[in-house]
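J.: What follows is input-v6.pdb, PDB, C-alpha atoms and all ligand atoms.
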```pdb
ATOM      1  CA  MET A   1      31.020  31.477  22.488  1.00  0.00           C
ATOM      2  CA  SER A   2      28.091  33.730  21.731  1.00  0.00           C
ATOM      3  CA  CYS A   3      24.504  33.653  22.924  1.00  0.00           C
ATOM      4  CA  CYS A   4      21.323  32.980  21.026  1.00  0.00           C
ATOM      5  CA  THR A   5      19.188  36.135  20.787  1.00  0.00           C
ATOM      6  CA  PHE A   6      16.023  34.165  21.518  1.00  0.00           C
ATOM      7  CA  CYS A   7      16.732  31.596  24.247  1.00  0.00           C
ATOM      8  CA  SER A   8      20.000  33.125  25.518  1.00  0.00           C
ATOM      9  CA  ASN A   9      21.732  29.753  25.428  1.00  0.00           C
ATOM     10  CA  GLU A  10      25.338  29.727  24.456  1.00  0.00           C
ATOM     11  CA  ALA A  11      25.998  28.140  21.110  1.00  0.00           C
ATOM     12  CA  GLU A  12      29.101  27.445  19.129  1.00  0.00           C
ATOM     13  CA  LYS A  13      27.414  28.599  15.943  1.00  0.00           C
ATOM     14  CA  LEU A  14      24.581  31.062  15.553  1.00  0.00           C
ATOM     15  CA  PHE A  15      22.477  31.406  12.437  1.00  0.00           C
ATOM     16  CA  SER A  16      20.744  34.305  10.763  1.00  0.00           C
ATOM     17  CA  HIS A  17      18.175  34.643   8.034  1.00  0.00           C
ATOM     18  CA  SER A  18      18.920  36.982   5.145  1.00  0.00           C
ATOM     19  CA  THR A  19      15.394  38.416   4.823  1.00  0.00           C
ATOM     20  CA  HIS A  20      13.694  37.893   8.210  1.00  0.00           C
ATOM     21  CA  ASN A  21      16.086  39.307  10.725  1.00  0.00           C
ATOM     22  CA  LEU A  22      15.336  37.904  14.176  1.00  0.00           C
ATOM     23  CA  GLY A  23      18.908  38.144  15.333  1.00  0.00           C
ATOM     24  CA  SER A  24      21.432  35.366  15.736  1.00  0.00           C
ATOM     25  CA  LEU A  25      19.793  32.115  16.724  1.00  0.00           C
ATOM     26  CA  CYS A  26      21.023  28.723  17.853  1.00  0.00           C
ATOM     27  CA  ILE A  27      20.131  25.846  15.552  1.00  0.00           C
ATOM     28  CA  ASP A  28      17.097  24.825  17.640  1.00  0.00           C
ATOM     29  CA  CYS A  29      15.592  28.296  17.711  1.00  0.00           C
ATOM     30  CA  TYR A  30      16.372  28.802  14.050  1.00  0.00           C
ATOM     31  CA  MET A  31      14.475  25.680  13.093  1.00  0.00           C
ATOM     32  CA  THR A  32      11.579  26.613  15.370  1.00  0.00           C
ATOM     33  CA  LEU A  33      11.306  30.237  14.286  1.00  0.00           C
ATOM     34  CA  HIS A  34      12.406  30.079  10.657  1.00  0.00           C
ATOM     35  CA  GLY A  35      12.667  26.443   9.609  1.00  0.00           C
ATOM     36  CA  SER A  36      13.510  27.639   6.148  1.00  0.00           C
ATOM     37  CA  CYS A  37      16.403  28.356   3.840  1.00  0.00           C
ATOM     38  CA  GLY A  38      18.205  31.559   4.832  1.00  0.00           C
ATOM     39  CA  VAL A  39      18.356  32.722   1.224  1.00  0.00           C
ATOM     40  CA  CYS A  40      15.212  31.677  -0.676  1.00  0.00           C
ATOM     41  CA  SER A  41      12.995  30.897   2.361  1.00  0.00           C
ATOM     42  CA  HIS A  42      12.248  27.413   1.046  1.00  0.00           C
ATOM     43  CA  HIS A  43      10.764  25.501   3.983  1.00  0.00           C
ATOM     44  CA  PHE A  44      12.670  22.463   5.171  1.00  0.00           C
ATOM     45  CA  LEU A  45       9.680  20.885   6.853  1.00  0.00           C
ATOM     46  CA  PRO A  46       6.134  20.412   5.578  1.00  0.00           C
ATOM     47  CA  SER A  47       3.793  23.073   6.967  1.00  0.00           C
ATOM     48  CA  ASP A  48       1.694  20.321   8.527  1.00  0.00           C
ATOM     49  CA  PRO A  49       4.224  17.849   9.932  1.00  0.00           C
ATOM     50  CA  THR A  50       2.994  14.389  10.862  1.00  0.00           C
ATOM     51  CA  PRO A  51       3.711  13.433  14.488  1.00  0.00           C
ATOM     52  CA  ASP A  52       6.000  10.446  15.055  1.00  0.00           C
ATOM     53  CA  VAL A  53       7.780  11.026  11.794  1.00  0.00           C
ATOM     54  CA  THR A  54      11.390  12.028  11.916  1.00  0.00           C
ATOM     55  CA  TYR A  55      12.228  14.441   9.169  1.00  0.00           C
ATOM     56  CA  ARG A  56      15.729  14.420   7.884  1.00  0.00           C
ATOM     57  CA  LEU A  57      16.783  17.970   7.241  1.00  0.00           C
ATOM     58  CA  GLN A  58      18.641  18.567   4.025  1.00  0.00           C
ATOM     59  CA  ALA A  59      20.237  21.747   5.212  1.00  0.00           C
ATOM     60  CA  LYS A  60      23.707  23.077   4.655  1.00  0.00           C
ATOM     61  CA  PHE A  61      25.603  25.866   6.326  1.00  0.00           C
ATOM     62  CA  ILE A  62      27.339  28.784   4.739  1.00  0.00           C
ATOM     63  CA  GLY A  63      29.580  30.978   6.843  1.00  0.00           C
ATOM     64  CA  MET A  64      29.756  34.591   5.743  1.00  0.00           C
ATOM     65  CA  GLY A  65      32.050  36.383   8.129  1.00  0.00           C
ATOM     66  CA  GLU A  66      29.987  37.095  11.232  1.00  0.00           C
ATOM     67  CA  MET A  67      26.887  35.580   9.741  1.00  0.00           C
ATOM     68  CA  ASN A  68      26.031  31.924   9.252  1.00  0.00           C
ATOM     69  CA  LEU A  69      23.219  31.013   6.922  1.00  0.00           C
ATOM     70  CA  ILE A  70      21.329  27.753   6.756  1.00  0.00           C
ATOM     71  CA  VAL A  71      20.550  27.080   3.132  1.00  0.00           C
ATOM     72  CA  CYS A  72      18.811  24.481   0.997  1.00  0.00           C
ATOM     73  CA  ASP A  73      20.686  22.367  -1.535  1.00  0.00           C
ATOM     74  CA  ASN A  74      19.782  24.641  -4.441  1.00  0.00           C
ATOM     75  CA  CYS A  75      21.062  27.794  -2.785  1.00  0.00           C
ATOM     76  CA  PHE A  76      24.174  26.023  -1.557  1.00  0.00           C
ATOM     77  CA  GLU A  77      25.053  25.027  -5.114  1.00  0.00           C
ATOM     78  CA  ALA A  78      24.231  28.497  -6.422  1.00  0.00           C
ATOM     79  CA  VAL A  79      26.382  30.211  -3.812  1.00  0.00           C
ATOM     80  CA  ARG A  80      29.209  27.782  -4.381  1.00  0.00           C
ATOM     81  CA  LYS A  81      29.198  28.589  -8.084  1.00  0.00           C
ATOM     82  CA  GLU A  82      28.934  32.309  -7.488  1.00  0.00           C
ATOM     83  CA  PHE A  83      31.504  32.577  -4.700  1.00  0.00           C
ATOM     84  CA  PRO A  84      33.956  29.665  -5.091  1.00  0.00           C
ATOM     85  CA  GLN A  85      36.521  31.522  -2.942  1.00  0.00           C
ATOM     86  CA  MET A  86      34.329  30.946   0.122  1.00  0.00           C
ATOM     87  CA  PHE A  87      34.812  27.198  -0.176  1.00  0.00           C
ATOM     88  CA  VAL A  88      38.567  26.873  -0.458  1.00  0.00           C
TER      89      VAL A  88
HETATM   90 ZN    ZN B 101      18.264  29.562  20.967  1.00  0.00          ZN
HETATM   91 ZN    ZN B 102      17.274  28.127  -0.707  1.00  0.00          ZN
END
```
Represent the supplied structure as structure tokens.

T.:
Amino acid sequence: MSCCTFCSNEAEKLFSHSTHNLGSLCIDCYMTLHGSCGVCSHHFLPSDPTPDVTYRLQAKFIGMGEMNLIVCDNCFEAVRKEFPQMFV
């Protein structure tokens, strides 16, 4: 178990962002602080979210050694093509 850099909660998986390095964050902090694809910074949520609407996140995870990235569908496909050995 490791701890989230932001809220210090223990989390099974911590996530980083490839361009905005805020440390390793739990999924909740990641979505609050970044809320975007870890590769292309595409935002998962509208910038002006409507209250009472549940947004379904289309996010996927890529594990790169020590680092886990949350990526959008496009980046996931691109990475899978580029690095097929990561998905065996
Ligand atoms: Zn956290
Ligand atoms: Zn992306």

J.: Determine the residue set returned by the PyMOL selection byres (((not hetatm)) within 8 of (chain B and resi 101)) for the present structure, and present it as a list in words.

T.: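 When the PyMOL selection byres (((not hetatm)) within 8 of (chain B and resi 101)) is applied to the shown file, the picked residues are Cys3, Cys4, Thr5, Phe6, Cys7, Ser8, Asn9, Glu10, Ala11, Leu25, Cys26, Ile27, Asp28, Cys29 and Tyr30 of chain A.
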
J.: Could you list, as an NGL selection string, all protein and nucleic acid residues with an atom at most 6 Å from ligand ZN 102 (chain B), counting only C-alpha atoms and all ligand atoms?

T.: :A and (37 or 39-42 or 71-72 or 74-75)

J.: Counting all atoms listed in the file, find the residues whose atoms lie at most 10 Å from (28.7, 29.2, 7.2) (file coordinates) and write them out as a ChimeraX atom specification.

T.: /A:13-15,60-71,86-87

J.: Report the residues retrieved by the PyMOL selection byres (((chain A and resi 44) around 8) and not hetatm) from the displayed file, expressed as a PyMOL selection string.

T.: chain A and resi 35-37+42-43+45-46+57-59+72

J.: Include C-alpha atoms and write out the residues we just selected as a short mmCIF file (atom, residue, chain, number, x, y, z; two decimals), keeping the file's coordinate frame.

T.:
```cif
data_model
loop_
_atom_site.label_atom_id
_atom_site.label_comp_id
_atom_site.auth_asym_id
_atom_site.auth_seq_id
_atom_site.Cartn_x
_atom_site.Cartn_y
_atom_site.Cartn_z
CA GLY A 35 12.67 26.44 9.61
CA SER A 36 13.51 27.64 6.15
CA CYS A 37 16.40 28.36 3.84
CA HIS A 42 12.25 27.41 1.05
CA HIS A 43 10.76 25.50 3.98
CA LEU A 45 9.68 20.88 6.85
CA PRO A 46 6.13 20.41 5.58
CA LEU A 57 16.78 17.97 7.24
CA GLN A 58 18.64 18.57 4.03
CA ALA A 59 20.24 21.75 5.21
CA CYS A 72 18.81 24.48 1.00
#
```

J.: What is the atom CA of A:Glu77 to atom CA of A:Asn21 distance in Å?

T.: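 Straight-line distance from atom CA of A:Glu77 to atom CA of A:Asn21 works out to 23.1 Å.
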